[in-house]
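Structure file structure_17.csv; described as CSV, C-alpha atoms.
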chain,number,residue,atom,x,y,z
A,13,MET,CA,28.0,94.6,37.3
A,14,THR,CA,27.4,96.3,40.6
A,15,ASP,CA,29.6,99.2,41.5
A,16,PRO,CA,32.0,97.8,44.0
A,17,ALA,CA,31.5,100.9,46.1
A,18,ARG,CA,27.9,99.9,46.6
A,19,ARG,CA,29.1,96.7,48.2
A,20,LEU,CA,30.9,98.6,51.0
A,21,SER,CA,29.3,98.7,54.5
A,22,PRO,CA,26.2,101.0,54.3
A,23,VAL,CA,27.0,102.2,57.8
A,24,TYR,CA,29.9,104.2,56.4
A,25,ARG,CA,28.9,104.4,52.8
A,26,ASP,CA,25.9,106.5,53.7
A,27,MET,CA,27.5,108.3,56.6
A,28,PRO,CA,28.3,112.0,56.1
A,29,LEU,CA,31.6,113.6,57.0
A,30,THR,CA,31.8,114.9,60.5
A,31,ILE,CA,30.7,118.5,60.9
A,32,PHE,CA,34.3,119.4,61.8
A,33,GLU,CA,35.7,118.0,58.6
A,34,HIS,CA,32.9,119.5,56.6
A,35,MET,CA,33.3,123.0,57.9
A,36,SER,CA,37.1,122.9,57.8
A,37,GLY,CA,36.8,121.7,54.2
A,38,LEU,CA,34.7,124.7,53.4
A,39,ALA,CA,37.2,127.0,55.1
A,40,ARG,CA,40.0,125.6,53.0
A,41,GLN,CA,38.1,125.9,49.8
A,42,SER,CA,37.0,129.5,50.5
A,43,GLY,CA,40.1,130.8,52.3
A,44,ALA,CA,37.9,131.5,55.4
A,45,ILE,CA,39.2,132.0,58.9
A,46,ASN,CA,38.7,128.6,60.5
A,47,LEU,CA,37.1,129.0,64.0
A,48,GLY,CA,35.2,125.8,63.5
A,49,GLN,CA,37.5,122.8,64.1
A,50,GLY,CA,39.4,123.0,67.4
A,51,PHE,CA,43.1,123.3,66.9
A,52,PRO,CA,45.6,126.1,67.5
A,53,ASP,CA,47.3,127.7,64.6
A,54,GLU,CA,50.5,128.2,66.6
A,55,ALA,CA,53.2,125.5,67.1
A,56,PRO,CA,53.4,123.5,70.3
A,57,PRO,CA,55.7,124.9,73.1
A,58,PRO,CA,59.4,125.1,72.0
A,59,ALA,CA,60.4,122.9,74.9
A,60,LEU,CA,58.1,120.1,73.6
A,61,LEU,CA,59.5,120.4,70.1
A,62,ALA,CA,63.0,120.2,71.5
A,63,ALA,CA,62.1,117.1,73.4
A,64,LEU,CA,60.7,115.6,70.2
A,65,ALA,CA,63.9,116.4,68.3
A,66,ARG,CA,66.0,114.8,71.0
A,67,ALA,CA,63.8,111.7,71.0
A,68,SER,CA,63.9,111.4,67.2
A,69,ALA,CA,67.7,111.6,67.2
A,70,GLU,CA,68.4,109.5,70.3
A,71,LYS,CA,65.6,107.0,70.9
A,72,SER,CA,64.2,104.0,69.1
A,73,HIS,CA,61.8,104.3,66.1
A,74,GLN,CA,60.6,100.8,66.4
A,75,TYR,CA,57.4,99.4,68.0
A,76,PRO,CA,57.1,100.5,71.6
A,77,PRO,CA,55.1,98.3,74.0
A,78,MET,CA,51.4,98.0,73.1
A,79,ALA,CA,50.3,99.7,76.4
A,80,GLY,CA,52.8,102.6,75.9
A,81,LEU,CA,56.3,103.5,76.9
A,82,ALA,CA,56.9,102.9,80.6
A,83,GLU,CA,58.3,106.5,80.7
A,84,LEU,CA,55.0,108.0,79.5
A,85,ARG,CA,52.8,105.8,81.7
A,86,ARG,CA,54.8,106.9,84.7
A,87,ALA,CA,54.7,110.6,83.6
A,88,VAL,CA,50.9,110.5,83.1
A,89,ALA,CA,50.4,109.0,86.6
A,90,ALA,CA,52.8,111.6,88.1
A,91,PHE,CA,51.1,114.5,86.2
A,92,TYR,CA,47.7,113.5,87.7
A,93,ALA,CA,49.1,113.1,91.2
A,94,ARG,CA,50.5,116.6,90.9
A,95,THR,CA,47.6,118.4,89.2
A,96,GLN,CA,44.6,116.5,90.5
A,97,GLY,CA,45.8,114.6,93.6
A,98,LEU,CA,45.1,111.2,92.1
A,99,ASP,CA,47.0,108.2,93.3
A,100,LEU,CA,47.5,106.1,90.2
A,101,SER,CA,49.7,103.2,89.2
A,102,PRO,CA,51.5,103.4,85.8
A,103,ASP,CA,49.8,100.0,85.2
A,104,SER,CA,46.5,102.0,85.2
A,105,VAL,CA,47.6,103.9,82.0
A,106,ILE,CA,47.1,102.7,78.5
A,107,VAL,CA,48.6,105.0,75.8
A,108,THR,CA,46.5,105.4,72.7
A,109,SER,CA,46.7,107.2,69.4
A,110,GLY,CA,44.7,110.2,70.5
A,111,ALA,CA,41.7,110.5,72.7
A,112,THR,CA,39.1,109.4,70.1
A,113,GLU,CA,41.0,106.0,69.9
A,114,ALA,CA,40.8,105.9,73.7
A,115,VAL,CA,37.1,106.4,73.5
A,116,ALA,CA,36.8,103.7,70.9
A,117,SER,CA,38.9,101.3,72.9
A,118,ALA,CA,36.9,102.0,76.1
A,119,ILE,CA,33.6,101.5,74.3
A,120,LEU,CA,34.7,98.3,72.7
A,121,GLY,CA,36.1,97.0,76.0
A,122,VAL,CA,32.9,97.8,77.9
A,123,VAL,CA,29.9,97.5,75.6
A,124,ALA,CA,28.4,94.2,74.5
A,125,PRO,CA,25.6,93.8,71.8
A,126,GLY,CA,22.3,95.0,73.2
A,127,ASP,CA,23.8,97.1,76.0
A,128,GLU,CA,22.5,100.6,76.5
A,129,VAL,CA,24.8,103.5,77.0
A,130,ILE,CA,23.7,106.8,78.5
A,131,LEU,CA,25.0,109.9,76.5
A,132,PHE,CA,24.3,113.5,77.0
A,133,ALA,CA,23.2,115.9,74.3
A,134,PRO,CA,25.0,117.9,73.0
A,135,ALA,CA,27.8,115.3,72.6
A,136,TYR,CA,31.1,114.9,70.8
A,137,ASP,CA,29.9,113.2,67.5
A,138,ALA,CA,32.1,110.1,67.8
A,139,TYR,CA,30.3,108.6,70.8
A,140,ALA,CA,27.1,107.4,69.4
A,141,PRO,CA,28.5,105.8,66.2
A,142,LEU,CA,31.2,104.0,68.3
A,143,VAL,CA,28.5,102.7,70.7
A,144,ARG,CA,26.5,101.4,67.7
A,145,ARG,CA,29.5,99.7,66.1
A,146,ALA,CA,30.0,97.8,69.4
A,147,GLY,CA,26.4,96.6,69.1
A,148,GLY,CA,25.2,98.9,71.8
A,149,VAL,CA,22.3,101.3,71.9
A,150,PRO,CA,22.9,105.0,72.6
A,151,VAL,CA,20.3,106.6,74.9
A,152,PHE,CA,20.5,110.4,75.0
A,153,VAL,CA,19.6,112.5,77.9
A,154,PRO,CA,19.4,116.2,76.8
A,155,LEU,CA,21.0,119.0,78.7
A,156,ALA,CA,19.2,122.3,78.7
A,157,ALA,CA,20.7,125.6,77.6
A,158,PRO,CA,22.1,127.9,78.8
A,159,HIS,CA,23.6,126.2,81.8
A,160,TRP,CA,23.7,122.6,80.5
A,161,ARG,CA,23.2,121.1,84.0
A,162,TYR,CA,22.9,117.4,84.7
A,163,ASP,CA,19.4,116.4,85.8
A,164,ARG,CA,19.2,113.5,88.2
A,165,VAL,CA,15.6,112.8,87.4
A,166,GLY,CA,16.1,112.7,83.7
A,167,ILE,CA,19.2,110.5,84.0
A,168,ALA,CA,17.6,108.1,86.4
A,169,ALA,CA,14.5,107.8,84.1
A,170,ALA,CA,16.8,106.8,81.2
A,171,ILE,CA,18.5,103.9,83.1
A,172,THR,CA,17.1,100.5,82.5
A,173,PRO,CA,18.2,96.9,83.4
A,174,ARG,CA,20.1,96.9,80.0
A,175,THR,CA,22.2,100.1,80.8
A,176,ARG,CA,25.9,99.2,80.9
A,177,ALA,CA,27.7,102.5,80.9
A,178,VAL,CA,27.5,106.3,80.9
A,179,ILE,CA,29.7,108.6,78.9
A,180,VAL,CA,30.6,111.8,80.6
A,181,ASN,CA,32.5,114.6,78.8
A,182,ASP,CA,33.7,117.0,81.4
A,183,PRO,CA,34.6,119.8,80.7
A,184,LEU,CA,31.9,119.6,78.0
A,185,ASN,CA,32.5,120.1,74.3
A,186,PRO,CA,30.9,122.1,72.7
A,187,THR,CA,29.6,124.3,75.5
A,188,GLY,CA,32.7,124.8,77.6
A,189,THR,CA,30.8,124.2,80.8
A,190,VAL,CA,32.1,122.2,83.8
A,191,ALA,CA,30.3,119.7,86.0
A,192,SER,CA,29.8,120.9,89.6
A,193,ALA,CA,30.8,118.9,92.7
A,194,THR,CA,27.1,118.2,93.2
A,195,ASP,CA,26.9,116.9,89.6
A,196,LEU,CA,29.9,114.5,90.1
A,197,SER,CA,28.5,113.2,93.4
A,198,MET,CA,25.1,112.6,91.8
A,199,LEU,CA,26.6,110.8,88.8
A,200,ALA,CA,28.7,108.6,91.0
A,201,GLU,CA,25.7,107.7,93.2
A,202,LEU,CA,23.8,106.6,90.0
A,203,CYS,CA,26.7,104.6,88.7
A,204,LEU,CA,27.0,102.8,92.0
A,205,ALA,CA,23.3,102.2,92.5
A,206,HIS,CA,22.9,100.8,89.0
A,207,ASP,CA,26.3,99.0,88.6
A,208,LEU,CA,27.4,101.2,85.7
A,209,ILE,CA,30.8,101.9,84.1
A,210,ALA,CA,31.6,105.5,83.6
A,211,ILE,CA,33.6,106.4,80.5
A,212,CYS,CA,34.9,109.9,81.3
A,213,ASP,CA,36.2,112.0,78.4
A,214,GLU,CA,38.3,114.5,80.3
A,215,VAL,CA,40.5,115.8,77.5
A,216,TRP,CA,39.8,119.5,78.4
A,217,GLU,CA,40.7,119.0,82.1
A,218,ASN,CA,43.8,121.2,81.8
A,219,VAL,CA,42.1,123.9,79.6
A,220,ARG,CA,40.2,125.7,82.3
A,221,PHE,CA,39.9,129.4,82.9
A,222,ASP,CA,38.0,129.5,86.2
A,223,GLY,CA,41.1,129.0,88.4
A,224,LEU,CA,39.8,125.7,89.8
A,225,ARG,CA,41.6,122.4,89.8
A,226,HIS,CA,39.8,119.7,87.7
A,227,ALA,CA,38.0,117.1,89.6
A,228,SER,CA,37.5,113.7,88.0
A,229,LEU,CA,34.6,111.4,88.5
A,230,LEU,CA,37.2,108.7,89.1
A,231,ALA,CA,38.0,110.4,92.4
A,232,GLN,CA,34.5,110.1,93.7
A,233,PRO,CA,33.9,107.5,96.5
A,234,GLY,CA,33.4,104.0,95.0
A,235,MET,CA,34.3,105.0,91.4
A,236,ALA,CA,38.0,104.0,91.2
A,237,ASP,CA,37.1,100.5,90.0
A,238,ARG,CA,34.3,101.5,87.6
A,239,THR,CA,35.7,104.6,85.9
A,240,ILE,CA,37.7,105.0,82.7
A,241,LYS,CA,39.4,108.4,82.5
A,242,ILE,CA,40.5,109.6,79.1
A,243,GLY,CA,43.1,112.3,78.6
A,244,SER,CA,44.9,114.0,75.7
A,245,ALA,CA,48.4,115.5,75.2
A,246,GLY,CA,47.0,117.2,72.1
A,247,LYS,CA,44.7,119.3,74.3
A,248,ILE,CA,47.2,119.8,77.1
A,249,PHE,CA,50.0,121.1,74.9
A,250,GLY,CA,48.1,122.3,71.8
A,251,ALA,CA,49.6,119.5,69.6
A,252,THR,CA,46.5,117.9,68.2
A,253,GLY,CA,48.2,116.3,65.2
A,254,TRP,CA,50.5,114.3,67.5
A,255,LYS,CA,47.5,112.1,68.4
A,256,VAL,CA,48.8,111.0,71.8
A,257,GLY,CA,46.1,110.1,74.3
A,258,TRP,CA,45.5,107.7,77.1
A,259,MET,CA,43.0,105.7,79.1
A,260,ILE,CA,43.2,105.3,82.9
A,261,ALA,CA,41.4,102.6,84.8
A,262,ALA,CA,42.0,100.2,87.7
A,263,PRO,CA,44.9,97.9,86.5
A,264,ALA,CA,42.6,94.8,86.0
A,265,MET,CA,40.2,96.9,83.9
A,266,ALA,CA,43.1,98.7,82.0
A,267,ALA,CA,44.4,95.3,81.0
A,268,VAL,CA,41.1,94.4,79.3
A,269,LEU,CA,40.9,97.8,77.6
A,270,GLY,CA,44.4,97.3,76.3
A,271,ARG,CA,43.2,94.2,74.5
A,272,ALA,CA,40.7,96.3,72.6
A,273,HIS,CA,43.4,98.9,71.9
A,274,GLN,CA,45.8,96.3,70.5
A,275,PHE,CA,43.5,95.6,67.5
A,276,LEU,CA,42.9,99.3,66.7
A,277,THR,CA,46.2,101.3,66.4
A,278,PHE,CA,48.2,98.9,68.6
A,279,THR,CA,50.7,101.6,69.5
A,280,THR,CA,51.6,105.2,69.0
A,281,PRO,CA,54.9,106.7,67.6
A,282,PRO,CA,57.6,106.3,70.3
A,283,MET,CA,59.3,109.6,69.7
A,284,LEU,CA,56.0,111.4,70.4
A,285,GLN,CA,55.5,109.4,73.5
A,286,TRP,CA,59.0,110.3,74.8
A,287,ALA,CA,58.4,113.9,74.1
A,288,VAL,CA,55.0,114.0,75.8
A,289,ALA,CA,56.5,112.2,78.8
A,290,GLU,CA,59.2,114.9,79.1
A,291,GLY,CA,56.5,117.6,78.6
A,292,LEU,CA,54.3,116.3,81.3
A,293,ALA,CA,57.3,116.2,83.7
A,294,THR,CA,58.4,119.8,82.9
A,295,PRO,CA,57.2,122.2,85.6
A,296,GLY,CA,54.9,124.9,84.4
A,297,LEU,CA,54.7,123.8,80.7
A,298,ALA,CA,51.1,122.7,80.7
A,299,GLN,CA,50.1,125.8,82.7
A,300,ALA,CA,51.8,128.1,80.3
A,301,CYS,CA,49.8,126.6,77.4
A,302,THR,CA,46.6,127.3,79.3
A,303,ALA,CA,47.7,130.8,80.1
A,304,ARG,CA,48.4,131.5,76.5
A,305,TRP,CA,44.9,130.3,75.5
A,306,ALA,CA,43.4,132.5,78.3
A,307,GLN,CA,44.9,135.5,76.4
A,308,THR,CA,43.4,134.5,73.0
A,309,ARG,CA,40.1,133.6,74.6
A,310,GLY,CA,40.0,137.1,76.1
A,311,VAL,CA,40.5,138.7,72.7
A,312,LEU,CA,37.6,136.7,71.2
A,313,LEU,CA,35.2,137.2,74.1
A,314,GLU,CA,35.9,140.9,74.4
A,315,GLY,CA,35.7,141.5,70.7
A,316,LEU,CA,32.4,139.6,70.4
A,317,ALA,CA,30.9,141.4,73.4
A,318,ARG,CA,32.0,144.8,72.0
A,319,GLU,CA,30.2,144.1,68.7
A,320,GLY,CA,27.0,143.1,70.4
A,321,PHE,CA,27.2,139.3,70.2
A,322,ALA,CA,25.6,137.5,73.1
A,323,LEU,CA,27.9,134.9,74.7
A,324,LEU,CA,26.9,131.9,76.7
A,325,ASP,CA,28.8,131.4,79.9
A,326,SER,CA,31.7,129.0,79.8
A,327,ALA,CA,34.7,128.1,81.9
A,328,ALA,CA,36.8,125.7,79.9
A,329,THR,CA,37.8,124.3,76.5
A,330,TRP,CA,39.0,126.1,73.4
A,331,PHE,CA,35.4,127.1,72.5
A,332,THR,CA,32.9,129.9,73.0
A,333,CYS,CA,29.2,129.8,72.1
A,334,ILE,CA,27.1,132.6,70.9
A,335,ASP,CA,23.3,133.0,71.0
A,336,LEU,CA,22.2,133.9,67.5
A,337,PRO,CA,18.8,135.6,68.2
A,338,ALA,CA,20.2,137.6,71.2
A,339,SER,CA,23.0,138.7,68.8
A,340,GLY,CA,20.5,140.1,66.3
A,341,ILE,CA,20.8,137.1,63.9
A,342,THR,CA,17.6,135.4,62.6
A,343,LEU,CA,19.3,132.5,60.9
A,344,ASP,CA,19.3,129.0,62.4
A,345,ASP,CA,22.7,127.7,63.4
A,346,ARG,CA,23.3,125.5,60.3
A,347,SER,CA,22.2,128.3,58.0
A,348,PHE,CA,24.4,130.7,59.9
A,349,CYS,CA,27.5,128.5,59.6
A,350,GLU,CA,27.0,127.7,55.9
A,351,SER,CA,26.4,131.3,55.0
A,352,ALA,CA,29.1,132.8,57.3
A,353,VAL,CA,31.9,130.7,55.9
A,354,HIS,CA,31.2,131.8,52.4
A,355,GLU,CA,29.9,135.4,52.9
A,356,ALA,CA,31.8,136.5,56.0
A,357,GLY,CA,34.8,134.3,55.5
A,358,VAL,CA,34.6,132.8,59.0
A,359,ALA,CA,34.0,129.1,59.7
A,360,SER,CA,32.1,128.0,62.8
A,361,ILE,CA,30.2,124.9,64.1
A,362,PRO,CA,26.4,124.6,64.6
A,363,LEU,CA,25.6,123.2,68.0
A,364,SER,CA,22.7,121.2,66.6
A,365,ALA,CA,25.2,119.0,64.6
A,366,LEU,CA,26.4,117.6,68.0
A,367,TRP,CA,22.9,116.6,69.0
A,368,GLU,CA,20.8,113.4,68.4
A,369,GLY,CA,17.1,113.1,69.1
A,370,GLU,CA,14.4,115.7,69.6
A,371,GLY,CA,14.8,119.1,71.1
A,372,ALA,CA,18.1,120.2,69.6
A,373,PRO,CA,18.7,123.9,70.0
A,374,THR,CA,19.1,125.5,66.6
A,375,THR,CA,20.2,129.0,67.7
A,376,ILE,CA,23.7,128.4,69.1
A,377,VAL,CA,27.0,128.3,67.3
A,378,ARG,CA,30.5,127.4,68.5
A,379,LEU,CA,33.6,129.4,67.8
A,380,CYS,CA,37.2,128.3,68.5
A,381,HIS,CA,39.4,130.8,70.4
A,382,CYS,CA,42.8,129.1,70.5
A,383,LYS,CA,44.0,131.2,67.5
A,384,PRO,CA,46.3,134.1,67.0
A,385,GLU,CA,45.0,137.4,68.4
A,386,ALA,CA,45.0,139.2,65.0
A,387,MET,CA,43.1,136.3,63.4
A,388,LEU,CA,40.5,136.5,66.1
A,389,ALA,CA,40.1,140.2,65.9
A,390,ASP,CA,39.7,140.0,62.1
A,391,ALA,CA,37.1,137.2,62.5
A,392,VAL,CA,35.0,139.4,64.9
A,393,VAL,CA,35.1,142.3,62.5
A,394,ARG,CA,34.1,140.1,59.6
A,395,LEU,CA,31.2,138.6,61.5
A,396,ALA,CA,29.9,141.9,62.8
A,397,ARG,CA,30.1,143.6,59.3
A,398,TRP,CA,28.3,140.6,57.7
A,399,ARG,CA,25.6,140.6,60.3
A,400,ASP,CA,25.0,144.3,60.1
A,401,ASP,CA,24.9,144.3,56.3
A,402,ARG,CA,22.4,141.5,56.0

What is this structure when it is put down as structure tokens?
Amino acid sequence: MTDPARRLSPVYRDMPLTIFEHMSGLARQSGAINLGQGFPDEAPPPALLAALARASAEKSHQYPPMAGLAELRRAVAAFYARTQGLDLSPDSVIVTSGATEAVASAILGVVAPGDEVILFAPAYDAYAPLVRRAGGVPVFVPLAAPHWRYDRVGIAAAITPRTRAVIVNDPLNPTGTVASATDLSMLAELCLAHDLIAICDEVWENVRFDGLRHASLLAQPGMADRTIKIGSAGKIFGATGWKVGWMIAAPAMAAVLGRAHQFLTFTTPPMLQWAVAEGLATPGLAQACTARWAQTRGVLLEGLAREGFALLDSAATWFTCIDLPASGITLDDRSFCESAVHEAGVASIPLSALWEGEGAPTTIVRLCHCKPEAMLADAVVRLARWRDDR
């Protein structure tokens, strides 16, 4: 008799774990410091936890509306009006169970079988599998280290009559870089010229350390009706396990995206939605989180630089990338990560794991800096000692 497991879908049966789960698993097994997967070790802000406690005690625990609580949809629209100058209707907001579910809903709502979708390498590793499950074809346009700039010629060359959408992750994970005003204008011009939908993963929009206000592709002329903007309370408040995210689009488009969402998670725990709504409306709370991560980021960057590690420039996200050869390390990125987690006791992420197609750089690794200062200082010492003893 055939093993029932062999009758499962080969798409998932033969698919490896994500690099994040793989490296976090190794960190758990070995007791290593986990600077691989992106999540803070500290609790979310006390004000947010207090809001959750009140909501759990005083509010309903039953199904909220599929599109999200009205309070949270209003709070999201108001937050973006205040922080990015966007004029949004609450009807533009669909609440999802995390940003990855928002990405999945957006792709399922946009992509039909045979459609091509422009992606940029390196890319968050969920994009391409989700495009394929929708019947679409991912078409990768590589970004070049160390600046990871968007190249108009390369993007235009990748667009065909079958191209339906482009997925833009800005700020960019894993590099921590931010699209320039020129980049955004150019991407908008291409979308308008070729009638493309832009799926914009902007979960890191509030985790910026350059002092600049985030600018969304949605705000570019002509893009309001063809952009899906994705955000995440987990990234804004450092509450990744809450899995509260959202999609924003013109109301008519948002209604269609909601129909995809209704057959995924359908809804998100209401007490978490109420707490996030209160958090978004609390003056200074989101900014305080970013200020805290600026402190921990400084500890990691200063420690790595002091120990002779070469850092790539970045302006956002919870991540810092190091150049291995320039840091005196001859291992490729995957070998470094596999060895360092066991021998140095520090988990990291190889950038090449977030790349499809040819030309993947194999000399860059990503470290997470939203960790306690003592943990980061210890990790730097461990990595430096391990490198020097090799």

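Taking atom CA of A:Val88 and atom CA of A:Lys255 as endpoints, the distance between them is 15.2 Å.
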
Original post:
How many Å lie between atom CA of A:Ile171 and atom CA of A:Ile376, rounded to one decimal?
Top reply: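 Interatomic distance, atom CA of A:Ile171 to atom CA of A:Ile376: 28.7 Å.
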
**OP:** Measuring atom to atom with all atoms listed in the file, identify which of A:Trp160, A:Phe249, A:Trp216, A:Phe221 is nearest to A:Asp195.
**Re:**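 Using all atoms listed in the file, A:Asp195 sits closest to A:Trp160.
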
Original post:
Looking at A:Val256, A:Ile341, A:Val180, A:Ala59, which one is nearest to A:Leu81, with distances taken over all atoms listed in the file?
Top reply: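 Checking each of A:Val256, A:Ile341, A:Val180, A:Ala59 against A:Leu81, counting all atoms listed in the file, the winner is A:Val256.
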
**OP:** Give me the residues within 10 Å of A:Thr294 as a PyMOL selection string, counting all atoms listed in the file and dropping any in the same chain fewer than 2 places off.
**Re:** chain A and resi 59-60+87+91+288-292+296-298

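Nearest to A:Asp53 of all the residues A:Pro362, A:Gly250, A:Gly369, A:Pro150 is A:Gly250, counting only C-alpha atoms.
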
Subject >> Within 8 Å of file point (38.8, 95.1, 74.8), counting only C-alpha atoms, expressed as an MDAnalysis selection string >> reply: chainID A and resid 117:118 120:122 268:273

Please produce a file of those selected residues containing C-alpha atoms, as a JSON list (two decimals), in the frame of the given file.
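Done, and the output landed in result_21.json:
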[["chain", "number", "residue", "atom", "x", "y", "z"],
["A", 117, "SER", "CA", 38.90, 101.30, 72.90],
["A", 118, "ALA", "CA", 36.90, 102.00, 76.10],
["A", 120, "LEU", "CA", 34.70, 98.30, 72.70],
["A", 121, "GLY", "CA", 36.10, 97.00, 76.00],
["A", 122, "VAL", "CA", 32.90, 97.80, 77.90],
["A", 268, "VAL", "CA", 41.10, 94.40, 79.30],
["A", 269, "LEU", "CA", 40.90, 97.80, 77.60],
["A", 270, "GLY", "CA", 44.40, 97.30, 76.30],
["A", 271, "ARG", "CA", 43.20, 94.20, 74.50],
["A", 272, "ALA", "CA", 40.70, 96.30, 72.60],
["A", 273, "HIS", "CA", 43.40, 98.90, 71.90]]

Subject >> Long-range neighbours of A:Arg85 as a PyMOL selection string, 12 Å cut-off, all atoms listed in the file, 4 positions minimum in chain >> reply: chain A and resi 77-81+89-92+100-108+256-260+285-286+288-290+292-293

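Take the candidates A:Arg40, A:Arg394, A:Arg346, A:Lys247 and check each one against A:Thr375 using all atoms listed in the file; the shortest distance goes to A:Arg346.
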
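Shell of A:His381 at 7 Å, with all atoms listed in the file counted and residues fewer than 3 places along the chain excluded, is Thr308, Arg309, Leu312, Trp330 and Phe331 of chain A.
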
**OP:** Return the single residue from A:Ala138, A:Leu155, A:Ala245, A:Ala300 that is closest to A:Glu113, with distances computed using only C-alpha atoms.
**Re:**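 Closest candidate: A:Ala138.
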
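Closest approach to A:Cys382 among A:Gly315, A:Gly310, A:Pro58, A:Gly37 is made by A:Gly310 (distances from all atoms listed in the file).
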
Original post:
Residues at most 9 Å from A:Phe132, counting all atoms listed in the file, excluding those fewer than 5 positions away in the same chain, as a PyMOL selection string?
Top reply: chain A and resi 151-155+162+178-181+367

Subject >> Å distance separating atom CA of A:Pro183 from atom CA of A:His226, one decimal place >> reply: 8.7 Å

**OP:** For A:Ala200, work out the shell of residues within 9 Å, counting only C-alpha atoms and skipping chain neighbours fewer than 5 positions away, then give it as a PyMOL selection string.
**Re:** chain A and resi 195+205+210+229-230+232-235

Just write the chosen residues, C-alpha atoms, as a PDB file, keeping the file's coordinate frame.
ATOM      1  CA  ASP A 195      26.900 116.900  89.600  1.00  0.00           C
ATOM      2  CA  ALA A 205      23.300 102.200  92.500  1.00  0.00           C
ATOM      3  CA  ALA A 210      31.600 105.500  83.600  1.00  0.00           C
ATOM      4  CA  LEU A 229      34.600 111.400  88.500  1.00  0.00           C
ATOM      5  CA  LEU A 230      37.200 108.700  89.100  1.00  0.00           C
ATOM      6  CA  GLN A 232      34.500 110.100  93.700  1.00  0.00           C
ATOM      7  CA  PRO A 233      33.900 107.500  96.500  1.00  0.00           C
ATOM      8  CA  GLY A 234      33.400 104.000  95.000  1.00  0.00           C
ATOM      9  CA  MET A 235      34.300 105.000  91.400  1.00  0.00           C
TER      10      MET A 235
END

Save stretch 24-35 of chain A of the structure in the block above to a file, with N, CA, C and O atoms included, as an mmCIF file, in the first residue's frame.
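Okay, this is what ended up in out.cif:
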data_model
loop_
_atom_site.group_PDB
_atom_site.id
_atom_site.type_symbol
_atom_site.label_atom_id
_atom_site.label_comp_id
_atom_site.auth_asym_id
_atom_site.auth_seq_id
_atom_site.Cartn_x
_atom_site.Cartn_y
_atom_site.Cartn_z
ATOM 1 N N TYR A 24 4.044 20.819 -1.662
ATOM 2 C CA TYR A 24 4.417 21.023 -0.268
ATOM 3 C C TYR A 24 5.175 19.835 0.308
ATOM 4 O O TYR A 24 5.996 20.008 1.205
ATOM 5 N N ARG A 25 4.907 18.653 -0.212
ATOM 6 C CA ARG A 25 5.608 17.469 0.297
ATOM 7 C C ARG A 25 7.113 17.601 0.100
ATOM 8 O O ARG A 25 7.906 17.199 0.955
ATOM 9 N N ASP A 26 7.507 18.148 -1.021
ATOM 10 C CA ASP A 26 8.933 18.248 -1.355
ATOM 11 C C ASP A 26 9.516 19.628 -1.073
ATOM 12 O O ASP A 26 10.668 19.895 -1.387
ATOM 13 N N MET A 27 8.700 20.514 -0.468
ATOM 14 C CA MET A 27 9.176 21.872 -0.202
ATOM 15 C C MET A 27 9.921 21.907 1.129
ATOM 16 O O MET A 27 9.424 21.388 2.136
ATOM 17 N N PRO A 28 11.105 22.494 1.184
ATOM 18 C CA PRO A 28 11.816 22.598 2.463
ATOM 19 C C PRO A 28 11.165 23.626 3.371
ATOM 20 O O PRO A 28 10.361 24.451 2.929
ATOM 21 N N LEU A 29 11.518 23.570 4.656
ATOM 22 C CA LEU A 29 11.111 24.619 5.574
ATOM 23 C C LEU A 29 11.699 25.947 5.137
ATOM 24 O O LEU A 29 12.746 25.989 4.479
ATOM 25 N N THR A 30 11.045 27.039 5.507
ATOM 26 C CA THR A 30 11.628 28.333 5.213
ATOM 27 C C THR A 30 12.972 28.464 5.923
ATOM 28 O O THR A 30 13.219 27.821 6.956
ATOM 29 N N ILE A 31 13.840 29.302 5.394
ATOM 30 C CA ILE A 31 15.142 29.508 6.013
ATOM 31 C C ILE A 31 15.002 30.053 7.428
ATOM 32 O O ILE A 31 15.807 29.754 8.316
ATOM 33 N N PHE A 32 13.920 30.806 7.674
ATOM 34 C CA PHE A 32 13.711 31.373 9.003
ATOM 35 C C PHE A 32 13.396 30.279 10.023
ATOM 36 O O PHE A 32 13.940 30.252 11.120
ATOM 37 N N GLU A 33 12.512 29.368 9.651
ATOM 38 C CA GLU A 33 12.171 28.272 10.552
ATOM 39 C C GLU A 33 13.364 27.332 10.723
ATOM 40 O O GLU A 33 13.621 26.820 11.814
ATOM 41 N N HIS A 34 14.112 27.114 9.646
ATOM 42 C CA HIS A 34 15.285 26.240 9.718
ATOM 43 C C HIS A 34 16.326 26.787 10.690
ATOM 44 O O HIS A 34 16.792 26.070 11.597
ATOM 45 N N MET A 35 16.675 28.056 10.537
ATOM 46 C CA MET A 35 17.709 28.614 11.399
ATOM 47 C C MET A 35 17.217 28.790 12.834
ATOM 48 O O MET A 35 17.978 28.568 13.791
#
